[in-house]
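**Q** The structure under discussion is supplied below as structure tokens; questions concerning it will follow.
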Amino acid sequence: MKKIIALIIGCVCLGTIFVNIGYGDVIFEPDDSFYQNHSRDCYLCERNYTADGPDGEVIIYKSPESDKVIERVNNGEKLYIAYTYTDKNGVEWGYKAFGEYEGWVPMEYLNVIYDNVSFCEEYSDKIISKSDVFTPEGEEEIVFFWSFPGSSNGYEFEMDGNEDFYYNKEYVDEQDRTWIYVGYHMGMDGWICTSDYSSDIDELYPEGAPEFETEDVTNVNGKDDLNRVDDDAEEEKDSEKDDRITPDTSNQTKTVIFVIVIVILVVLISVIMLVKVKKQGDKK
Amino acid sequence: MITDLLLMFGISLGITLVIEILLALIFGVRNRKGLLIVLLVNTLTNPAAVLICWLADLYFFYGFEFLVEIAVEIAVVVVEAKIYMMFVRNEEFEIRYPVRMAVVCNLVSWLTGIVLGQVYFHLMRYYF
């Protein structure tokens, strides 16, 4: 019997390890109970934002349905949002991943940092969908991948001989340089300037790289009014404080009480029945 | 939300009962009365344990929930072992190894819960 028990425990332990390893994925999946219960309603975001909440801070909550505060982040701090979720009231929440704290923040209090998505939206009329292959023919062995054309965020990629880069988007900038978007190449993705593929940012833009600003995600509550210098500024701030978006916990207390009552009932019934069975056994 | 919760409690209790009754059979508990004790012990401990873990997940910081889960599992093992020990003297129930049975049954059902939870989560994520 000992062997059977040991075998069962061993199998379950191995299963635990394999399940966790086997499902390892390139896409980040938060170890968050709210996300795990609502993963079907969460959408991949993977973008960087800066905090821009009322009273100079953004509050990170345990979940969109729990008012437990995880951390308060000062405006201007960078937050990486991995997933978004829209609650029943239509409030969009973002899952702040990585760093010391992880949790949920209202997307309304975030400004997106200009990135490839922003670039593609802004230049949608100039970006052509085109699937083709780019093979660098120069002597240089390095190719720069850029987050987007004009971004100072570039990564060097060392080629192993003549490599083919498969792309699906093409963009011609104001200097008539052609850029291609490579969705995946040896773990890299980004834009390549085909005419100057091995040039760094200073060579591409000798007069300085163009500047891209962060943008408001939404402005439903009139956040920009906080920046307006007028006599009503303080009053407006107080108003913002009152209207701060918080998790909807309206049903939480009722649900908790209901569940506690049900569990107590089940436990009581079990105890009564156990006592009854014990007494019957003792009589015999 | 209540439906989801009742489903969570129900699935958890159902899986625990299946596993623990199967393991009880391996431990030599073969008659109805003995298996009824196993069933009642689990309906006593499992909903309470799930409730505490759920409340911890709801109100505590992350990282702390796992410690609560471990503490709850230990408490469950102690309670179940104590109850099984009450029935050891009466051979009618066929409970011969109360402590061993409580430890093994709970360890296996807890680990199985982790495995099934992960499998369910990934299935829901990728196929629905």
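Following the order of the structure tokens, first chain is A, next is B, and so on, with residues numbered from 1 inside each chain and ligands from 1 in the order they appear.
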Could you tell me which residues of chain B sit within 8 Å of chain A when counting only C-alpha atoms, and give me the result as a ChimeraX atom specification?
**A** /B:1-2,26-27,37,40-41,43-45,47-48,51,57-61,87,90,92,104,107-108,111-112,114-115,118-119,121-122,124-125,128
**Q** With N, CA and C atoms retained, export the selected residues as a short mmCIF file (atom, residue, chain, number, x, y, z; two decimals), in the first residue's frame.
**A**
```cif
data_model
loop_
_atom_site.label_atom_id
_atom_site.label_comp_id
_atom_site.auth_asym_id
_atom_site.auth_seq_id
_atom_site.Cartn_x
_atom_site.Cartn_y
_atom_site.Cartn_z
N MET B 1 -21.70 36.68 -9.94
CA MET B 1 -20.56 36.39 -9.05
C MET B 1 -20.88 35.23 -8.11
N ILE B 2 -22.12 35.24 -7.56
CA ILE B 2 -22.50 34.18 -6.62
C ILE B 2 -22.49 32.83 -7.32
N ILE B 26 -8.11 2.91 -0.92
CA ILE B 26 -6.75 2.34 -0.93
C ILE B 26 -6.26 2.11 0.51
N PHE B 27 -6.66 3.01 1.41
CA PHE B 27 -6.27 2.88 2.82
C PHE B 27 -7.09 1.82 3.55
N ILE B 37 -18.01 8.67 6.73
CA ILE B 37 -17.18 9.51 7.62
C ILE B 37 -16.24 10.37 6.76
N LEU B 40 -18.28 13.12 5.16
CA LEU B 40 -18.70 14.16 6.10
C LEU B 40 -17.52 15.01 6.58
N VAL B 41 -16.39 14.35 6.78
CA VAL B 41 -15.19 15.09 7.22
C VAL B 41 -14.81 16.12 6.16
N THR B 43 -16.87 17.43 3.79
CA THR B 43 -17.87 18.51 3.67
C THR B 43 -17.74 19.48 4.86
N LEU B 44 -17.14 19.01 5.92
CA LEU B 44 -16.88 19.87 7.08
C LEU B 44 -15.68 20.79 6.84
N THR B 45 -14.60 20.22 6.32
CA THR B 45 -13.35 21.00 6.21
C THR B 45 -13.20 21.75 4.89
N PRO B 47 -15.31 23.23 2.44
CA PRO B 47 -15.90 24.57 2.21
C PRO B 47 -15.29 25.64 3.12
N ALA B 48 -14.99 25.26 4.36
CA ALA B 48 -14.40 26.23 5.29
C ALA B 48 -13.00 26.64 4.81
N LEU B 51 -13.30 28.82 1.77
CA LEU B 51 -13.79 30.15 2.18
C LEU B 51 -12.65 31.01 2.72
N ASP B 57 -7.60 35.84 -0.39
CA ASP B 57 -7.31 36.32 -1.74
C ASP B 57 -8.01 37.65 -2.00
N LEU B 58 -9.15 37.81 -1.38
CA LEU B 58 -9.95 39.01 -1.58
C LEU B 58 -9.40 40.21 -0.80
N TYR B 59 -8.91 39.95 0.39
CA TYR B 59 -8.55 41.07 1.26
C TYR B 59 -7.06 41.25 1.55
N PHE B 60 -6.25 40.23 1.31
CA PHE B 60 -4.82 40.38 1.63
C PHE B 60 -4.00 40.69 0.39
N PHE B 61 -2.78 41.14 0.64
CA PHE B 61 -1.85 41.40 -0.45
C PHE B 61 -1.42 40.08 -1.07
N PHE B 87 -12.78 7.74 15.36
CA PHE B 87 -13.48 6.56 14.84
C PHE B 87 -12.57 5.33 14.74
N ASN B 90 -13.55 2.10 16.89
CA ASN B 90 -14.67 1.32 16.40
C ASN B 90 -14.30 0.71 15.04
N GLU B 92 -15.91 -0.93 13.08
CA GLU B 92 -16.99 -0.88 12.11
C GLU B 92 -16.69 0.11 10.96
N VAL B 104 -2.00 12.15 3.52
CA VAL B 104 -1.89 11.74 2.11
C VAL B 104 -3.09 12.27 1.30
N LEU B 107 -2.78 16.04 0.85
CA LEU B 107 -1.65 16.41 -0.01
C LEU B 107 -2.00 16.14 -1.47
N VAL B 108 -2.55 14.95 -1.72
CA VAL B 108 -2.88 14.58 -3.10
C VAL B 108 -4.00 15.48 -3.66
N LEU B 111 -2.56 19.04 -4.34
CA LEU B 111 -1.71 19.09 -5.54
C LEU B 111 -2.55 18.88 -6.81
N THR B 112 -3.53 17.97 -6.73
CA THR B 112 -4.40 17.75 -7.89
C THR B 112 -5.18 19.02 -8.21
N ILE B 114 -4.16 22.02 -7.74
CA ILE B 114 -3.24 22.95 -8.42
C ILE B 114 -3.14 22.57 -9.91
N VAL B 115 -2.93 21.27 -10.16
CA VAL B 115 -2.78 20.78 -11.54
C VAL B 115 -4.05 21.10 -12.34
N GLN B 118 -4.56 24.81 -13.08
CA GLN B 118 -3.69 25.29 -14.16
C GLN B 118 -4.21 24.83 -15.52
N VAL B 119 -4.59 23.55 -15.59
CA VAL B 119 -5.09 22.99 -16.85
C VAL B 119 -6.36 23.74 -17.27
N PHE B 121 -7.35 26.74 -16.38
CA PHE B 121 -7.03 28.12 -16.71
C PHE B 121 -6.49 28.22 -18.14
N HIS B 122 -5.56 27.31 -18.49
CA HIS B 122 -4.95 27.37 -19.82
C HIS B 122 -5.94 26.95 -20.91
N MET B 124 -9.20 27.37 -20.79
CA MET B 124 -10.12 28.49 -20.96
C MET B 124 -9.46 29.62 -21.74
N ARG B 125 -8.18 29.83 -21.46
CA ARG B 125 -7.44 30.92 -22.08
C ARG B 125 -7.25 30.69 -23.58
N PHE B 128 -11.19 29.25 -25.55
CA PHE B 128 -12.48 29.96 -25.49
C PHE B 128 -12.29 31.46 -25.62
#
```
**Q** Excluding Val68 of chain B and residues on its chain fewer than 5 positions from it, collect all residues at most 9 Å away from it, counting only C-alpha atoms, and give them as number ranges by chain.
**A** B: 52-53, 56, 73
**Q** What is the distance, in Å and to one decimal place, between atom CA of Gly34 of chain B and atom CA of Gly10 of chain B?
**A**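 Distance between the two atoms: 22.4 Å.
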**Q** Check the smallest atom-to-atom distance from each of B:Ile95, B:Ile11, B:Val72, B:Leu67 to Lys33 of chain B using only C-alpha atoms, then report the winner.
**A** B:Ile95
**Q** Using only C-alpha atoms, which protein or nucleic acid residues come within 6 Å of segment 196-207 of chain A? Drop anything in the same chain fewer than 2 positions from it, and give the result as a list in words.
**A**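 Once the adjacent positions are removed, what remains is Ile142, Val143, Phe144, Ile192, Cys193, Thr194 and Ala209 of chain A.
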